[in-house]
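Enquirer: Got my_file.txt for you, compact mmCIF, C-alpha atoms:
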# COMPACT_ATOMS: atom_id res chain seq x y z
CA ARG D 1 0.00 0.00 0.00
CA LEU D 2 2.76 2.45 0.87
CA SER D 3 4.37 2.01 -2.53
CA LYS D 4 1.38 3.76 -4.11
CA LEU D 5 2.16 7.29 -2.95
CA ILE D 6 -0.70 9.48 -3.99
CA ALA D 7 -0.23 13.23 -3.67
CA ALA D 8 -3.89 14.14 -3.22
CA ARG D 9 -4.78 16.08 -0.12
CA GLY D 10 -7.29 15.33 2.66
CA LYS D 11 -9.99 17.78 3.59
CA PRO D 12 -10.95 19.09 7.07
CA ALA D 13 -14.51 19.48 8.29
CA THR D 14 -15.20 23.18 7.59
CA ALA D 15 -18.17 25.08 6.24
CA ARG D 16 -16.38 25.30 2.87
CA ARG D 17 -14.58 22.15 1.89
CA PRO D 18 -11.05 23.21 0.88
CA THR D 19 -9.67 22.51 -2.55
CA ARG D 20 -6.44 20.64 -3.24
CA LYS D 21 -4.77 24.03 -3.76
CA ASP D 22 -5.90 25.12 -0.29
CA CYS D 23 -4.42 21.99 1.29
CA SER D 24 -1.18 22.29 -0.66
CA MET D 25 -0.72 25.88 0.49
CA ALA D 26 -1.51 24.92 4.10
CA ALA D 27 1.10 22.18 3.99
CA MET D 28 3.74 24.56 2.67
CA THR D 29 3.06 27.16 5.34
CA THR D 30 2.63 24.74 8.24
CA GLY D 31 5.46 22.31 7.52
CA ALA D 32 5.48 18.63 8.35
CA THR D 33 6.04 17.46 11.89
CA ILE D 34 6.65 13.74 11.68
CA ALA D 35 8.42 12.64 14.84
CA PRO D 36 11.26 10.10 14.73
CA PHE D 37 9.77 6.64 14.56
CA LYS D 38 10.10 4.33 17.56
CA PRO D 39 9.72 0.56 17.83
CA ALA D 40 6.09 -0.48 18.28
CA LYS D 41 7.00 -2.25 21.52
CA GLU D 42 7.84 1.19 22.98
CA CYS D 43 4.37 2.56 22.23
CA SER D 44 2.94 4.09 25.40
CA GLU D 45 -0.30 5.42 23.88
CA ARG D 46 -3.22 4.07 25.87
CA ASP D 47 -6.24 6.09 24.72
CA VAL D 48 -6.46 5.19 21.07
CA ILE D 49 -9.06 4.52 18.40
CA HIS D 50 -7.86 2.92 15.18
CA LEU D 51 -9.10 4.14 11.82
CA LYS D 52 -9.41 1.65 8.97
CA GLY D 53 -11.28 1.29 5.71
CA PHE D 54 -11.03 1.25 1.96
CA ALA D 55 -7.69 2.76 0.90
CA ALA D 56 -8.67 3.36 -2.73
CA ARG D 57 -11.61 3.99 -5.06
CA LEU D 58 -13.91 5.68 -2.55
CA ASP D 59 -16.06 8.46 -4.02
CA PHE D 60 -16.56 11.20 -1.44
CA GLU D 61 -18.72 13.10 -3.91
CA ASP D 62 -21.27 10.32 -3.48
CA ALA D 63 -23.87 11.50 -0.97
CA ALA D 64 -24.08 8.24 0.96
CA THR D 65 -20.29 7.98 1.28
CA ALA D 66 -20.04 11.59 2.41
CA ARG D 67 -22.73 11.01 5.05
CA GLN D 68 -20.93 7.96 6.40
CA ALA D 69 -17.61 9.82 6.48
CA ASP D 70 -19.28 12.63 8.43
CA ALA D 71 -20.86 10.12 10.81
CA LEU D 72 -17.49 8.50 11.49
CA VAL D 73 -15.85 11.86 12.20
CA ASP D 74 -18.80 12.80 14.44
CA ALA D 75 -18.17 9.58 16.40
CA VAL D 76 -14.51 10.53 16.85
CA ALA D 77 -15.59 14.00 18.01
CA ALA D 78 -17.98 12.47 20.56
CA HIS D 79 -15.24 10.22 21.91
CA LYS D 80 -12.87 13.18 22.06
CA ARG D 81 -15.27 15.19 24.21
CA SER D 82 -15.24 12.50 26.91
CA ARG D 83 -11.61 11.43 26.36
CA PRO D 84 -9.43 14.53 25.99
CA SER D 85 -6.22 12.56 25.39
CA LEU D 86 -7.74 10.53 22.52
CA CYS D 87 -5.37 9.56 19.70
CA VAL D 88 -6.30 8.26 16.26
CA ALA D 89 -4.07 5.53 14.83
CA TRP D 90 -3.80 4.01 11.38
CA ASP D 91 -1.56 1.53 9.59
CA GLY D 92 0.47 3.95 7.50
CA ASP D 93 -1.72 4.05 4.39
CA ALA D 94 -0.82 6.92 2.07
CA PRO D 95 -2.94 10.10 1.80
CA SER D 96 -5.51 10.07 -0.98
CA ASP D 97 -8.78 11.75 -1.86
CA GLU D 98 -10.21 8.26 -2.51
CA SER D 99 -9.11 6.69 0.80
CA PHE D 100 -10.29 6.58 4.37
CA THR D 101 -7.04 8.44 5.14
CA ARG D 102 -8.78 11.57 3.87
CA LEU D 103 -10.50 11.66 7.27
CA LEU D 104 -7.27 11.88 9.27
CA ARG D 105 -6.94 15.62 8.72
CA ARG D 106 -10.46 16.08 10.03
CA CYS D 107 -9.62 13.99 13.10
CA ALA D 108 -6.54 16.14 13.70
CA SER D 109 -8.69 19.27 13.46
CA LEU D 110 -10.70 17.91 16.41
CA GLY D 111 -7.53 17.95 18.53
CA CYS D 112 -6.75 14.24 18.23
CA ASP D 113 -3.10 13.28 18.05
CA LEU D 114 -2.27 11.11 15.05
CA ILE D 115 -0.12 8.00 15.39
CA ALA D 116 0.95 5.77 12.52
CA PHE D 117 2.36 2.28 12.26
CA CYS D 118 4.46 0.88 9.43
CA TYR D 119 7.28 -1.53 8.74
CA ALA D 120 10.80 -0.16 9.16
CA GLY D 121 11.49 -0.63 5.46
CA ASP D 122 8.48 1.56 4.61
CA GLU D 123 9.34 4.53 6.85
CA ALA D 124 11.02 6.53 4.08
CA ALA D 125 8.02 6.01 1.79
CA PHE D 126 5.69 7.05 4.62
CA ARG D 127 7.62 10.28 5.17
CA LYS D 128 7.63 11.04 1.45
CA ALA D 129 3.87 10.52 1.26
CA TRP D 130 2.84 12.30 4.45
CA GLY D 131 5.50 15.02 4.72
CA PRO D 132 3.69 17.43 2.38
CA GLU D 133 0.48 17.06 4.41
CA GLY D 134 1.84 19.23 7.22
CA LEU D 135 0.33 17.10 10.00
CA ALA D 136 1.88 16.30 13.37
CA ILE D 137 2.35 12.53 13.43
CA ARG D 138 4.00 10.16 15.86
CA GLY D 139 5.21 6.97 14.22
CA TYR D 140 6.01 3.43 15.31
CA VAL D 141 7.71 0.66 13.34
CA VAL D 142 6.62 -2.96 13.46
CA ASP D 143 8.99 -5.89 13.00
CA GLU D 144 8.60 -7.82 9.75
CA PRO D 145 6.28 -10.85 10.08
CA PRO D 146 7.49 -14.44 10.06
CA ASP D 147 7.72 -16.12 6.67
CA ASP D 148 4.61 -18.21 7.29
CA VAL D 149 2.30 -15.23 7.84
CA ALA D 150 -0.43 -15.26 5.19
CA CYS D 151 -1.03 -11.49 4.98
CA ARG D 152 1.73 -9.00 5.70
CA TRP D 153 -0.65 -6.05 5.96
CA ALA D 154 -3.04 -7.78 8.36
CA PHE D 155 -0.06 -8.66 10.53
CA LEU D 156 0.83 -4.95 10.62
CA GLY D 157 -2.69 -3.96 11.65
CA VAL D 158 -2.95 -6.56 14.39
CA SER D 159 0.51 -5.63 15.69
CA ALA D 160 -0.60 -2.00 15.88
CA LEU D 161 -3.73 -2.96 17.84
CA ARG D 162 -1.63 -4.96 20.28
CA ALA D 163 0.81 -2.07 20.69
CA THR D 164 -1.90 0.44 21.62
CA ARG D 165 -4.18 -2.07 23.38
CA ALA D 166 -7.06 -0.29 21.68
CA THR D 167 -10.50 -1.80 22.05
CA GLU D 168 -12.26 -0.16 19.09
CA CYS D 169 -11.72 0.38 15.38
CA LEU D 170 -13.81 2.70 13.23
CA CYS D 171 -13.94 1.52 9.63
CA LEU D 172 -15.07 3.40 6.52
CA GLY D 173 -15.66 0.24 4.55
CA GLY D 174 -12.74 -2.16 4.43
CA GLY D 175 -11.56 -5.05 2.31
CA PRO D 176 -10.10 -8.50 2.99
CA VAL D 177 -7.23 -7.10 5.07
CA ALA D 178 -9.67 -5.45 7.48
CA LEU D 179 -11.55 -8.75 7.74
CA ARG D 180 -8.34 -10.62 8.59
CA GLU D 181 -7.52 -8.02 11.25
CA PHE D 182 -10.97 -8.38 12.75
CA GLU D 183 -10.63 -12.14 12.94
CA ALA D 184 -7.13 -12.02 14.46
CA SER D 185 -7.82 -9.39 17.13
CA ALA D 186 -10.10 -8.87 20.11
CA ALA D 187 -11.09 -5.28 19.28
CA ALA D 188 -14.63 -4.20 18.51
CA PHE D 189 -15.11 -2.94 14.94
CA VAL D 190 -17.67 -0.33 13.93
CA LEU D 191 -18.28 -0.53 10.19
CA TYR D 192 -19.62 2.57 8.48
CA GLU D 193 -21.00 0.78 5.47
CA VAL D 194 -19.96 2.27 2.14
CA SER D 195 -19.28 0.88 -1.30
CA ARG D 196 -16.43 1.69 -3.65
CA ARG D 197 -15.83 1.48 -7.37
CA PRO D 198 -14.83 -1.99 -8.63
CA ARG D 199 -11.15 -2.41 -9.43
CA ASP D 200 -11.70 -2.80 -13.18
CA GLY D 201 -14.19 0.05 -13.34
CA ALA D 202 -17.01 -2.26 -14.44
CA GLY D 203 -19.57 -4.29 -12.57
CA ALA D 204 -21.25 -3.80 -9.22
CA PRO D 205 -19.75 -1.54 -6.51
CA GLU D 206 -17.57 -3.38 -4.00
CA ARG D 207 -18.94 -3.73 -0.47
CA SER D 208 -16.94 -4.29 2.68
CA ALA D 209 -15.55 -7.75 3.36
CA LEU D 210 -16.41 -7.18 7.02
CA LEU D 211 -20.06 -7.79 6.16
CA GLU D 212 -19.17 -11.50 6.13
CA ARG D 213 -19.12 -11.27 9.94
CA VAL D 214 -22.21 -9.09 10.29
CA ALA D 215 -23.69 -11.32 13.02
CA HIS D 216 -20.56 -11.27 15.17
CA GLU D 217 -20.91 -9.59 18.58
CA ARG D 218 -17.74 -7.56 18.07
CA LEU D 219 -18.96 -6.00 14.81
CA ARG D 220 -21.50 -3.20 14.61
CA VAL D 221 -22.63 -2.02 11.20
CA VAL D 222 -23.80 1.56 10.76
CA ALA D 223 -26.06 1.76 7.73
CA THR D 224 -26.29 4.96 5.71
CA ASP D 225 -29.73 5.77 7.14
CA GLU D 226 -28.96 4.90 10.77
CA PRO D 227 -28.91 7.80 13.27
CA PRO D 228 -25.64 8.14 15.21
CA ARG D 229 -25.35 6.56 18.64
CA PRO D 230 -23.55 8.19 21.54
CA PRO D 231 -20.20 6.58 22.40
CA PRO D 232 -20.02 4.38 25.50
CA PRO D 233 -18.76 6.05 28.66
CA PRO D 234 -15.02 5.73 29.36
CA ASN D 235 -14.02 2.33 30.75
CA ALA D 236 -17.45 0.93 30.01
So, in terms of structure tokens, how does the structure I just supplied come out?

Expert:
Amino acid sequence: RLSKLIAARGKPATARRPTRKDCSMAAMTTGATIAPFKPAKECSERDVIHLKGFAARLDFEDAATARQADALVDAVAAHKRSRPSLCVAWDGDAPSDESFTRLLRRCASLGCDLIAFCYAGDEAAFRKAWGPEGLAIRGYVVDEPPDDVACRWAFLGVSALRATRATECLCLGGGPVALREFEASAAAFVLYEVSRRPRDGAGAPERSALLERVAHERLRVVATDEPPRPPPPPNA
């Protein structure tokens, strides 16, 4: 995923959604603040929500997708009000206007610290991708998986969850990697159901692989027409 470095900019939640030019200018004037990466085993963050989802081919001009993105950010804002030290973590996916990573800037605008996880060999690519975004990010590197691990990216995501001991993931869609992470972790997943364009551009829109576990007690699906629920109280 990190090898596909897309230079598109994310957009904060403001009355007027900024253009790519706005975001580029903000990045140049603000400057990147990506802290030196530390080993994941040294992660001391303990109030963390992980953000996951489709990393490509999302259409935020689609009304249903935009509503779900807003609902996810509203959920982060509600958590932040009761948990002032809340951090938002993700697995190092590159910034893109067609990815769930577009929401990270909006999370930062709520006052959430951003923390990223990646493999040591991908740190340079991460910095190249995220440096122009001008966001303050703390990073952690995960050791490469054993040779017999079936999915390198799922291993990264599960390692990140173990490092933060987070109990909840908010997902704007999500493909097979997200499903593997769900099955290999103990965290609760909240799926904001969206569809994305098919890879070949033809055929039916792609739905989240997490829907295969829709009946599981650790998975809650937020449909596009479902009103938002308040977050659980801290330590609930």

Enquirer: What's the separation between CA of Val141 in chain D and CA of Ala116 in chain D, in Å to one decimal place?

Expert: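 Between CA of Val141 in chain D and CA of Ala116 in chain D the gap is 8.5 Å.
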
Enquirer: Just want the 10 Å neighbourhood of range 87-91 of chain D, counted on all atoms listed in the file, with same-chain residues fewer than 4 positions away dropped. Output as a ChimeraX atom specification.

Expert: /D:1-2,45-53,76,80,83,100-101,104,107-108,111-119,137-140,153-154,156-161,164,166,169-170

Enquirer: With distances taken over all atoms listed in the file, which of D:Phe189, D:Phe155, D:Phe182, D:Phe126 is nearest to Ala35 in chain D?

Expert: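 Checking each candidate against Ala35 in chain D, we get D:Phe126 as the closest.
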
Enquirer: Between D:Ser99, D:Glu133, D:Ala215, D:Arg127, which one has atoms that come closest to Asp59 in chain D, using all atoms listed in the file?

Expert: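 That would be D:Ser99, the residue with the smallest distance to Asp59 in chain D.
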
Enquirer: For Ser195 in chain D, which residue among D:Leu219, D:Val142, D:Leu58, D:Val214 is the nearest when counting only C-alpha atoms?

Expert: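 Checking each of D:Leu219, D:Val142, D:Leu58, D:Val214 against Ser195 in chain D, counting only C-alpha atoms, the winner is D:Leu58.
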
Enquirer: Which one of D:Ala125, D:Leu179, D:Leu191, D:Val73 sits closest to Ser109 in chain D if you count all atoms listed in the file?

Expert: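 Ranked by minimum distance to Ser109 in chain D, first place goes to D:Val73.
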
Enquirer: Rounded to one decimal in Å, what is the spacing between CA of Arg207 in chain D and CA of Gly173 in chain D?

Expert: 7.2 Å

Enquirer: Could you jot down the CA of Asp200 in chain D to CA of Arg105 in chain D separation for me, Å, one decimal place?

Expert: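 It comes out at 29.0 Å.
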
Enquirer: Using all atoms listed in the file, which residue out of D:Val190, D:Ala124, D:Glu98, D:Gly174 lies closest to Glu206 in chain D?

Expert: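 The shortest atom-to-atom distance to Glu206 in chain D comes from D:Gly174.
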